Every structure is written in structure tokens, then in C-alpha cells.
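Encoded as C-alpha cells, the structure appears first; notes follow it.
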Amino acid sequence: MTRQLHFGLAYHGVGGPGQYELWKNPEIEPDAGVRIEKYIEWAQLGEAAALDFFFIADSTFITPDSPPHYLNRLEPLTLLSAVAATTKRIGLVGTVSSSYNAPFNTARRFASLDQISRGRAGWNVVATGDPGTASNYGRERHFNHEERYGRALEHVTVAQQLWDSYEDDAFEYDVPNDRFFDRDKQHAIDHHGEHFSVGGALNVSRSPQGQPVIFQAGDSAEGRDFGAAVGEGFFTLAATLEQALAYATDLRERAATIGRDPSTLLFFPGISPVIADDDEAARAIERSRYKPADFDKRLGEFGRAFGWHDFRQYDLDAPFPELPHLDDSNQWRGARAIVQQAKATGATLRETVELASGFRPSAFVGSPATVADEIERWFVAGALDGAILLLNLPSELSAFTERVLPLLRERGLFREQYESTTLRGHLGLPVPANRYTSVAV
Amino acid sequence: MTQRQIKFGAVPTGVGGPGAHGVWLEPEIPGDASVDIQWYIAIARQAEAAKFDHIFIVDSQFITPDSPPHYLNRLEPLTLLSALAVTTEHIGLVATLSTTYHAPFSVARRFASLDLISKGRAGWNVVTTGDEGTAGNFGLEAHPEHPDRYARALEHVRVVQALWDSYEDDAFPRDREAGVFLDPSKLHKLNHEGTYFSVTGPLNLQRSPQGQPVIFQAGDSEWGRDLGAEIGDAIFTHQPTLEGAKAFYSEIKTRAIDKGRDPDQVLIVPGVSVVVGDTDEHARELEAEINRKNTDFGRSLAQFGRIFGWHDFSQYDLDAPFPELPGTNGSFKTQGDSIVALARDNGLSLRETVTRVTTPAPGVFVGSAQTVADTLALWFTERAVDGFNIHVRTPSEFARFTDEVLPILRARGLAREEYEATTLRGNLGLEIPQNRHTAARLEPVGVSV
């Protein structure tokens with residue numbers, strides 16, 4: 001089969017970062033973050049278009065300055081289970097932090113979702129950005145960058161071992177001989193590592209797709225090594241084809257270096273297509289949709305990268321303030337990059353906030369043909385294998401599914417209908433052999 | 001509500017829990033029942049059609065090859081119940097989760113999420129975990145000691161309940177014209193610094209129509225009873241005799257009163273097995289047949305070890321006196337101590353002890369539909385219980401209960417005809433807890449969080 005595009009569909013309820021005005025839109029229910037019906041409806045729209053997966057982002061620390069959706073939203077795995085029971089084909093990808101959960105629980109909850117959905121689960125592994133999360137889990141400080149990725153890698157590999165606890169033919173259900181299962185095909189893992197000790201066995205058998213699919217998002221050197229080691233789907237935020245291609249190429253090379261087949265790494269930039277009859281009209285809509293929240297809200301949210309530092313205390317028009325707290329560990333890498341840029345350009349605090357929350361034209365804006373062309377151009381270049389659609393309004397989604405997808409289908413780049421029942425099947429990823437079975441053979 | 005009515009829960013155990021080796025052999029039980037969501041949905045709908053208050057999911061997080069069939073391979077309680085939440089409309093959804101091996105923030109969030117998905121039907125069965133081996137799955141060298149586990153449980157539940165009150169009920173004006181999504185004065189941090197947990201909060205979820213999930217508690221030790229009287233909205237217990245059940249009932253209610261609680265807001269709901277036959281004799285034959293299928297000395301011996309931390313009893317001479325055992329920290333301690341005492345006091349061999357402990361006594365709720373209804377009604381009116389958690393063995397046996405026994409109780413006004421409410425609290429007759437911050441605002445007398 002020729003290489004095909006894959007699409008995920010994200011859900012941001014009443015509005016994620018920077019989307020302070022979304023909840024006022026009459027197309028959005030004001031309690032869309034906690035109404036399971038809205039999540040189900042969105043996933044079903046994705047399923048009607050034969051999209052590969054429904055994608056749920058997450059965080060577990062809020063302040064009054066957090067984006068509306070973050071303030072009050074359903075927990076990813078409980079909500080995806082409800083979606084599993086009300087859909088049949090679409091994949092279900094949930095975000096769970098490897099820093100603040102026990103591997104046994106993570107493995108069990110995803111295995112359970114994978115069974116409930118008959119092989120449609122995916123885990124978006126995040127190491128958790130908000131340092132404040134530490135205080136919700138009884139830690140004095142957030143894990144630093146190396147610790148977070150060290151834990152992430154060990155956490156995922158332990159979960160994957162636990163998922164293999166039962167070989168696929170462990171359960172015999174042999175009534176005449178009164179043999180429920182073959183006890184030799186249950187395996188304790190006896191893992192004793194740097195960050196985790198887990199005995200096992202896990203008390204859930206494997207689903208039709210073998211193991212949930214591992215998604216990852218992370219751009220630092222440690223994040224890239226982690227992704228190259230275990231990632232199968234990559235949620236990226238590339239602004240240009242060149243950036244996206246450089247990222248994908250780097251990850252494929254890192255994966256090849258450690259013996260992985262680079263074609264089993266799939267790259268999904270998050271995109272927000274704006275579609276109109278012609279390019280000019282689409283660009284005009286894109287520009288008109290950019291309604292920055294009042295400066296005070298943007299200033300509040302700007303603090304998130306700095307551990308929710310309160311920037312309201314400074315003179316907005318003075319040079320960017322000194323922030324001594326960024327020196328005490330390397331967890332502030334992203335924040336320090338912002339400071340360095342401000343220092344280099346002599347930008348004030350106001351200018352820096354404006355730049356961070358300013359209007360950025362997207363590549364995926366135009367007539368249906370223009371958007372389809374752009375996706376195809378990135379796809380052919382190897383800069384993407386598909387995309388995660390960051391859309392909020394039903395009208396935005398239908399414009400994409402009803403006007404762009406048909407063009408991609410005509411070109412043989414996207415499926416007419418589902419050809420598989422599992423997420424691995426949709427993505428063309430192999431079912432991982434059970435490690436204990438392979439050893440025995 | 002005019003007349004006091006019996007509360008009913010359904011406890012599905014798929015291919016068979018402890019001592020039920022024979023369940024999966026029944027033709028109507030699919031081999032993969034415990035991991036098939038459709039099987040749970042069918043049971044939940046069957047219970048909902050019979051106006052049951054709730055479905056109750058038991059749990060454990062440590063297995064060996066000797067674990068009961070259902071334990072070997074089953075769905076995780078909260079993911080399972082979320083799927084039930086969108087395929088049922090009225091029935092309460094109660095999940096077991098351990099306070100020893102989960103962080104309060106995660107527990108609070110997952111139950112709050114289930115509570116919103118189900119529109120106020122969630123319940124949490126608080127356990128401290130019996131299997132000592134669980135420690136090995138969570139990176140601990142040893143399972144915490146009994147008193148330590150219960151002190152931890154109390155703090156855990158208090159933290160979770162405080163997190164559930166992070167948002168006052170009117171915290172989200174969502175006023176498009178005024179442009180006000182959140183009223184930040186109604187979002188409250190917790191800043192808890194306790195013996196076992198430090199949690200800043202706030203939780204990132206609002207309250208459901210029932211205010212907070214219902215707290216179930218199971219645990220018959222002294223510490224367990226004290227915890228139940230302190231925090232339980234409902235107590236899950238096992239009481240084999242009417243006299244024992246009455247004593248337990250009055251003890252818990254008295255303890256609750258001593259703690260300043262309304263005893264009617266603590267429901268006693270033991271787990272029971274019911275066998276309904278055409279006649280009393282027929283029911284006893286059915287019971288004997290069930291027990292016969294469940295009896296296999298080798299498996300009984302292996303599972304007997306679970307009470308003692310999965311101690312391997314196959315190493316001993318079965319016909320020698322009951323062996324000396326190393327100590328155990330498991331929650332099965334109460335049960336373990338009483339078994340050792342039984343063996344010592346009666347000079348029993350290991351074989352005799354295992355046989356006596358694993359051979360079921362004749363059931364109390366076994367008989368014709370009329371007999372079972374009479375016995376349930378007697379326990380209820382004698383104030384031995386407020387309701388029953390019915391073990392569901394097979395769908396057809398459960399149907400005999402719902403179709404033959406319940407109508408008799410309904411005719412006497414002892415079981416509901418229709419759901420009274422849309423929430424679990426509403427159906428159980430439990431009050432909606434007022435948000436503590438709202439309460440403090442209304443009555444500003446130095447209430448601390």
C-alpha cells in the first residue's frame with residue numbers, strides 16, 4: 001500500500017492557551033469542558049470522516065490565570081472510556097504524565113482503555129511542564145529536565161513490559177479440561193531500575209493491537225532522544241515545512257541509530273486550517289479570528305513558562321526584568337530562551353508578551369485546493385505523515401472534512417473509509433510481538 | 001421519602017472471584033467476561049431495569065498465578081465505570097480504589113471526572129489494600145502496617161473531599177455579555193500539609209449535581225470500623241448471621257453518633273450471596289451444586305494463602321497440626337488471626353483448617369423467592385442492614401432475584417418502583433454536602449479549610 005496521510009482531532013472545549021475569547025462563541029457550549037456529550041459529538045464527527053484518532057491534551061496544575069479549558073476539564077482516561085463506548089473505530093489518545101503517576105497504574109489504565117475500545121488506545125507521554133504540579137503530588141520541587149526524561153523513558157519501558165505480562169494465548173477457557181489459563185504464560189517483570197521498582201504481573205491481558213500506541217511531544221535534546229527510543233506518533237508544533245522536516249529527519253536518524261525502523265515514527269504537526277472559497281477570503285478570516293484577549297490576561301498566561309511567575313508587578317515598558325529564580329535549576333530552559341531573546345533585542349516586557357502571543361499566519365490557510373496542496377507538499381517532502389487538527393468550531397471541522405479531505409482522497413492520499421479496527425491498524429504500525437513469546441520461539 | 005426502603009447494589013465478578021473457581025465453567029459466562037465491556041454493560045442495564053441503587057466494582061492490584069479467575073485479568077474500575085456512565089442513565093457507579101497506592105490529587109480528579117460524566121452517580125469504595133505484594137508493584141519495600149494504612153486513609157479521604165470543594169457551585173458565571181467566565185474568588189487552593197500528604201490544589205474540576213461522590217468503606221477491623229464511622233456514607237461489610245449483623249449495625253451507628261454524625265446518613269450495606277429456587281429444597285440443591293463446582297482442594301489451598309500474604313502452604317504436611325506462620329501486614333489480618341485461633345483452639349490440621357475455612361456455610365439468603373424476600377425483609381426491618389450488595393454470579397441467577405424476589409418486596413413497599421432521583425446521593429437518601437467555602441462564607445465563624 002502506498003504511504004497515506006493520517007489525521008488526529010484534538011478537543012479544547014472552551015479554549016486552550018491563548019483562546020480566551022472562544023467560550024463566548026455561540027457555537028461553543030459554555031460548559032463544553034465538562035460535558036461528556038460534547039466530547040462524544042466531536043469524536044463522532046471525526047469518526048464519520050474516518051480520521052485516525054481523537055486526541056486529548058492535559059495538565060494537572062491550575063491557577064486563576066489558566067486558560068478556560070484548563071480550569072475545568074474531564075480527566076483524559078475516564079473521558080476516553082466514555083468515548084470508547086460510544087464510538088466504534090476512531091483511535092483514542094490520552095495524555096498522562098510520566099512524572100506524576102506510577103507505572104503500574106498508567107499501564108493498567110491504558111490496558112483497560114485498550115480492552116474497552118478493542119485496540120484503539122494511545123498514550124501521549126508528557127513529562128509535565130508546569131513546575132507547580134509538584135506541589136499537587138507532595139514534592140517540594142519539580143523534577144529537573146534530565147530527571148523528567150530519565151523517568152519518562154523508564155516509565156514507558158516498564159509500562160510496555162507490563163503490557164506483555166500475559167502472552168496472547170495465555171487464556172485457554174478450556175471448560176472440558178477445567179483449564180482457565182496457562183500459568184506459565186503469566187510473567188512477573190521484576191523490574192528494579194533507577195526510578196521505579198515494579199514486580200508485576202499486570203492484571204490485564206493484551207488487546208487486539210497488542211499494546212497502546214506511544215505518542216510524544218518534546219523538543220529538547222532529551223525529549224528527542226526519548227522520542228527516538230519509544231515514540232511512534234509525534235505531536236509537533238512546527239511553523240514551516242523546513243522546521244518540520246528538520247525535526248522529523250533528526251528524529252528518524254536518532255531512531256535509526258538505535259536500530260529502529262524510521263518508517264515507524266509518524267509526525268503530526270498541530271494545524272488549524274482556515275478554509276474559504278479563495279485564498280484571500282481565507283486569509284481575511286484568519287486575520288479576523290485573531291482576537292487577542294486583553295493584555296492583562298495575556299500577561300497572566302505569559303507567566304506559565306516561568307512557573308506562573310506574576311509579571312504584573314513590573315513596569316511593562318522597562319527592559320525585560322531580571323528573574324533570579326530561573327538560575328536554580330535547568331527546568332526553566334524554555335523561559336530562559338525567552339529572556340535571552342528579550343535581552344538580545346532589548347525588548348521591553350510589553351513587547352516580549354506581544355511577540356509571544358502575537359498573530360502568526362499559518363501555512364494551512366486558503367481555498368480547499370490550496371490547503372490540500374500544502375498538506376501534500378509537506379507530506380511528499382517527508383515533513384509530516386499527517387496532522388493533529390486543532391479546531392474548535394463544528395463549522396471549522398466540517399470545512400476541512402467536507403472540502404479538503406475529498407481532494408486528498410481523490411489524490412489517493414487519504415482513506416475513503418476505515419480499513420482496520422485498531423489504532424495501530426489505522427496508522428499502519430506493526431503489532432508488537434509479545435517479548436516473552438518471542439523469546440520462547 | 002415516606003417509607004424506609006432497602007438499598008440494592010449489584011456486585012459483578014465476571015469469571016469468578018475468591019472461592020468461585022466454578023463460575024467461568026457456566027455456559028452463560030464468556031471466558032473473557034471480566035475484560036469484555038459489553039458483559040458489564042449488560043449486567044448494569046439488568047440492575048438498572050430492576051431499579052438498583054448502584055453497581056459496585058471490587059478491585060485488587062496484585063496477582064499471582066493462583067489468583068481467582070476474575071482477578072487475573074479484569075478492567076480497571078474507573079475506566080470501566082466511565083464506559084457504563086454513558087450506556088446507563090440512573091444507576092450509581094461505585095469503584096474501589098486504594099488510598100495506600102494512589103495520590104489524592106489523581107483520585108480526586110478521576111472520581112470528580114466520573115461524577116461529571118455520569119451527572120452525579122459516582123461513588124468511591126475506599127480500601128487500604130489487603131495484598132501485601134501490592135507494595136512491590138508500587139516501588140515500596142514493604143506494605144505499610146495496618147494502623148498506618150488507616151491513618152493514611154483518613155487523611156487521604158479528607159484531602160480528596162477538600163479538593164472536590166475547590167470550586168464553589170457558582171464559580172463559573174460563564175456570562176458572555178459581561179465577559180466573565182470564572183469568578184476567581186470562588187476558586188480555592190487547599191495548601192494541605194499533613195502527616196502523609198502535601199497537596200496545594202486547587203483541583204481542576206467543578207462539582208457534579210450530587211456535590212461530591214458517595215464514600216463507601218469496607219474493612220471490619222477496629223481501625224476499619226472507626227474509619228467507616230468517620231467518613232463512610234455507606235459501609236460494605238460481610239456479616240454471616242442476623243445477630244452479628246445487628247450488632248455490627250448498631251455499633252457503627254453508635255460510633256457515628258459519637259463522632260457527631262447523623263446515623264441515618266451512614267448506610268450499612270453488606271455483600272450477600274442469594275440463591276433463588278422453585279422451592280426451598282430446590283434452592284438448597286442449587287446451592288450445593290454451586291459449592292460442589294467451587295470445591296477443588298488444590299486451588300482452595302493456594303487461595304487460602306492470600307489471607308496470609310500469599311504464603312505458600314503447599315510446603316507443609318497437610319495432616320500435621322496447623323503450622324507456625326510469619327507475621328503479616330495484610331488487611332486480611334483480622335481474618336488471618338481468627339483462622340489461626342480456630343486451628344489452635346480446635347487442634348486442627350492444615351487440611352482440616354483449609355477445608356473448614358473454604359467450605360461455605362449454608363447461605364442465609366437461599367430459598368424460594370418468598371423465603372428470600374422474607375429473609376431480606378427481616379434483616380432490614382430488624383435493623384441489621386440498610387440494604388444489600390448482591391453478588392452477581394450469572395445473569396440468569398440474577399434475573400431470578402430481580403424478577404421473582406424484588407416484586408414481593410415492592411408489593412410490601414420495601415423496594416422502589418421507580419428511581420426517586422437522578423443522582424446516587426438522591427437515590428440513597430444522602431444529603432448533598434454543602435461546599436465548605438460557601439458554608440464558611442455564609443457563616444463566617446472561622447471555619448478552616
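Just remember, in the C-alpha cells the first chain shown is A, the second B, etc., residues are 1-based per chain, and ligands are 1-based in the order shown.
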Residues at most 12 Å from Asp403 (chain B), counting only C-alpha atoms, excluding those fewer than 6 positions away in the same chain, as a count of residues only? 13
Could you please tell me, as number ranges by chain, which residues of chain B have an atom within 7 Å of chain A when using only C-alpha atoms? B: 25, 31, 35-37, 63, 65, 71-76, 78-79, 82-83, 86, 103, 105, 109-110, 113-114, 116-117, 136-139, 174, 176, 184, 197-202, 204-206
Now that the selection is made, can you save its residues with C-alpha atoms as a PDB file, in the first residue's frame?
```pdb
ATOM      1  CA  LEU B  25     -17.345 -23.048  33.644  1.00  0.00           C
ATOM      2  CA  GLY B  31     -14.348 -16.813  29.113  1.00  0.00           C
ATOM      3  CA  VAL B  35     -12.417  -7.858  30.236  1.00  0.00           C
ATOM      4  CA  ASP B  36     -15.479  -7.544  27.983  1.00  0.00           C
ATOM      5  CA  ILE B  37     -17.123  -4.161  28.499  1.00  0.00           C
ATOM      6  CA  ILE B  63      -1.839 -11.087  41.245  1.00  0.00           C
ATOM      7  CA  PRO B  65      -0.906 -17.429  39.083  1.00  0.00           C
ATOM      8  CA  TYR B  71      -8.577 -11.136  39.489  1.00  0.00           C
ATOM      9  CA  LEU B  72      -6.156 -12.471  36.886  1.00  0.00           C
ATOM     10  CA  ASN B  73      -7.471 -10.302  34.092  1.00  0.00           C
ATOM     11  CA  ARG B  74     -10.042  -7.569  34.612  1.00  0.00           C
ATOM     12  CA  LEU B  75     -10.824  -3.987  33.650  1.00  0.00           C
ATOM     13  CA  GLU B  76      -9.627  -1.116  35.819  1.00  0.00           C
ATOM     14  CA  LEU B  78     -12.769   3.828  36.779  1.00  0.00           C
ATOM     15  CA  THR B  79     -12.199   3.304  33.065  1.00  0.00           C
ATOM     16  CA  SER B  82     -16.910   5.639  32.639  1.00  0.00           C
ATOM     17  CA  ALA B  83     -17.978   3.367  29.821  1.00  0.00           C
ATOM     18  CA  VAL B  86     -22.661   6.694  29.024  1.00  0.00           C
ATOM     19  CA  ALA B 103      -2.078  10.009  45.048  1.00  0.00           C
ATOM     20  CA  PHE B 105      -4.895  14.531  43.577  1.00  0.00           C
ATOM     21  CA  ARG B 109      -9.695  14.095  39.777  1.00  0.00           C
ATOM     22  CA  ARG B 110     -10.666  10.696  38.419  1.00  0.00           C
ATOM     23  CA  SER B 113     -14.482  13.276  36.297  1.00  0.00           C
ATOM     24  CA  LEU B 114     -16.626  10.130  36.573  1.00  0.00           C
ATOM     25  CA  LEU B 116     -19.466  14.742  35.955  1.00  0.00           C
ATOM     26  CA  ILE B 117     -19.596  12.203  33.120  1.00  0.00           C
ATOM     27  CA  GLY B 136       6.144  -4.495  45.042  1.00  0.00           C
ATOM     28  CA  ASN B 137       4.095  -3.078  42.181  1.00  0.00           C
ATOM     29  CA  PHE B 138       4.461   0.466  43.518  1.00  0.00           C
ATOM     30  CA  GLY B 139       8.132   0.600  44.455  1.00  0.00           C
ATOM     31  CA  ARG B 174     -19.997  31.941  32.042  1.00  0.00           C
ATOM     32  CA  ARG B 176     -20.915  36.104  27.683  1.00  0.00           C
ATOM     33  CA  PRO B 184     -11.712  33.732  40.836  1.00  0.00           C
ATOM     34  CA  PHE B 197       0.309  14.142  52.085  1.00  0.00           C
ATOM     35  CA  SER B 198       1.120  17.645  50.895  1.00  0.00           C
ATOM     36  CA  VAL B 199      -1.293  18.936  48.294  1.00  0.00           C
ATOM     37  CA  THR B 200      -1.593  22.527  47.178  1.00  0.00           C
ATOM     38  CA  GLY B 201      -4.540  22.309  44.821  1.00  0.00           C
ATOM     39  CA  PRO B 202      -6.881  23.529  43.554  1.00  0.00           C
ATOM     40  CA  ASN B 204      -9.176  21.425  38.030  1.00  0.00           C
ATOM     41  CA  LEU B 205     -12.811  20.231  38.102  1.00  0.00           C
ATOM     42  CA  GLN B 206     -16.103  21.649  39.298  1.00  0.00           C
TER      43      GLN B 206
END
```
Just give me the gap between CA of His54 (chain B) and CA of Thr237 (chain B) in Å, one decimal is fine.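 Calculated distance between CA of His54 (chain B) and CA of Thr237 (chain B) is 15.8 Å.
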Strand (DSSP E or B) residues, from DSSP on the backbone, in region 5-239 of chain B, as a ChimeraX atom specification: /B:7-12,54-57,92-98,122-127,167,175,180,187,192-193,198-199,214-218,234-236
Counting only C-alpha atoms, what is within 9 Å of Ala43 (chain A), bar same-chain residues fewer than 6 positions away, as a compact mmCIF listing (two decimals) with C-alpha atoms, in the first residue's frame?
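Contents of the output file result-v1.txt:
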```
# COMPACT_ATOMS: atom_id res chain seq x y z
CA LEU A 9 -8.56 15.53 16.02
CA ALA A 10 -7.91 17.43 19.24
CA TYR A 11 -10.56 18.79 21.58
CA PHE A 53 -7.66 9.33 16.28
CA PHE A 54 -9.21 11.65 18.83
CA VAL A 83 -15.94 7.93 24.15
CA THR A 87 -17.70 5.11 19.01
CA ILE A 90 -11.65 6.08 15.87
CA LEU A 92 -8.36 7.32 21.41
```
Got a sec to tell me which of region 300-449 of chain B DSSP assigns to alpha helix (DSSP H), as JSON, numbers by chain? {"B": [300, 301, 302, 303, 304, 333, 334, 335, 336, 337, 338, 339, 340, 341, 342, 343, 344, 345, 346, 350, 351, 352, 353, 354, 355, 356, 357, 358, 369, 370, 371, 372, 373, 374, 375, 376, 377, 378, 379, 380, 381, 395, 396, 397, 398, 399, 400, 406, 407, 408, 409, 410, 411, 424, 425, 426, 427, 428, 436, 437, 438, 439, 440, 441, 442]}
Residue neighbourhood region 88-99 of chain B, 6 Å, only C-alpha atoms, exclusion window fewer than 5 positions, as number ranges by chain: B: 48, 53-59, 77, 121-129, 153, 422, 424
For the residues in that selection, give me N, CA and C atoms as a short mmCIF file (atom, residue, chain, number, x, y, z; two decimals), in the first residue's frame.
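What follows is the written file selection-v2.cif:
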```cif
data_model
loop_
_atom_site.label_atom_id
_atom_site.label_comp_id
_atom_site.auth_asym_id
_atom_site.auth_seq_id
_atom_site.Cartn_x
_atom_site.Cartn_y
_atom_site.Cartn_z
N GLU B 48 -30.14 -1.90 36.42
CA GLU B 48 -30.85 -0.63 36.30
C GLU B 48 -32.33 -0.85 36.01
N ASP B 53 -29.78 0.62 43.20
CA ASP B 53 -29.13 1.90 43.51
C ASP B 53 -27.79 2.04 42.80
N HIS B 54 -27.02 0.94 42.80
CA HIS B 54 -25.68 1.08 42.26
C HIS B 54 -25.11 -0.25 41.79
N ILE B 55 -24.07 -0.13 40.97
CA ILE B 55 -23.25 -1.27 40.62
C ILE B 55 -21.92 -1.04 41.33
N PHE B 56 -21.36 -2.11 41.89
CA PHE B 56 -20.23 -1.99 42.80
C PHE B 56 -19.06 -2.81 42.26
N ILE B 57 -17.95 -2.15 41.95
CA ILE B 57 -16.80 -2.83 41.34
C ILE B 57 -15.70 -3.02 42.39
N VAL B 58 -15.44 -4.29 42.71
CA VAL B 58 -14.35 -4.59 43.64
C VAL B 58 -13.02 -4.56 42.87
N ASP B 59 -11.91 -4.56 43.61
CA ASP B 59 -10.64 -4.45 42.90
C ASP B 59 -9.46 -4.95 43.73
N PRO B 77 -11.27 -0.26 37.48
CA PRO B 77 -12.62 0.18 37.86
C PRO B 77 -13.08 1.51 37.25
N ARG B 121 -23.44 10.36 39.64
CA ARG B 121 -23.75 8.98 40.04
C ARG B 121 -22.52 8.23 40.57
N ALA B 122 -21.44 8.93 40.87
CA ALA B 122 -20.20 8.24 41.25
C ALA B 122 -20.12 7.96 42.75
N GLY B 123 -19.48 6.84 43.07
CA GLY B 123 -19.17 6.51 44.46
C GLY B 123 -17.78 5.92 44.53
N TRP B 124 -17.10 6.17 45.64
CA TRP B 124 -15.74 5.65 45.85
C TRP B 124 -15.75 4.67 47.00
N ASN B 125 -15.40 3.42 46.75
CA ASN B 125 -15.21 2.44 47.80
C ASN B 125 -13.76 2.52 48.27
N VAL B 126 -13.57 3.08 49.45
CA VAL B 126 -12.23 3.33 49.99
C VAL B 126 -11.67 2.05 50.59
N VAL B 127 -10.55 1.58 50.06
CA VAL B 127 -9.87 0.44 50.67
C VAL B 127 -8.40 0.81 50.93
N THR B 128 -7.78 0.09 51.86
CA THR B 128 -6.37 0.37 52.17
C THR B 128 -5.46 -0.69 51.59
N THR B 129 -6.03 -1.66 50.88
CA THR B 129 -5.32 -2.75 50.18
C THR B 129 -4.89 -3.87 51.12
N ALA B 153 -5.38 6.51 55.20
CA ALA B 153 -6.67 6.51 54.51
C ALA B 153 -7.52 7.69 54.95
N THR B 422 -31.98 11.56 40.23
CA THR B 422 -31.07 11.33 39.11
C THR B 422 -29.65 11.08 39.60
N LEU B 424 -26.79 9.41 42.63
CA LEU B 424 -26.63 8.33 43.60
C LEU B 424 -27.00 8.79 45.00
#
```
Spatial neighbours of Val364 (chain B), max dist 10 Å, only C-alpha atoms, sep filter under 2 positions, as a PyMOL selection string: chain B and resi 240-242+272-275+361-362+366-367+371-372+375-376
Tell me, as a list of chain:residue names, which residues lie within 7 Å of region 122-125 of chain A, counting only C-alpha atoms; anything in the same chain fewer than 3 positions away does not count. A:Leu92, A:Val93, A:Gly94, A:Thr95, A:Val96, A:Ser97, A:Ser98, A:Pro212, A:Val213, A:Ile214, A:Phe215, A:Gln216
d(CA of Arg356 (chain B), CA of Ala343 (chain B)) in Å: 9.7 Å
With distances taken over only C-alpha atoms, which of A:Pro319, A:Gly210, A:Gly386, A:Gly358 is nearest to Phe302 (chain A)?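 Among the listed residues, the smallest separation from Phe302 (chain A) belongs to A:Gly358.
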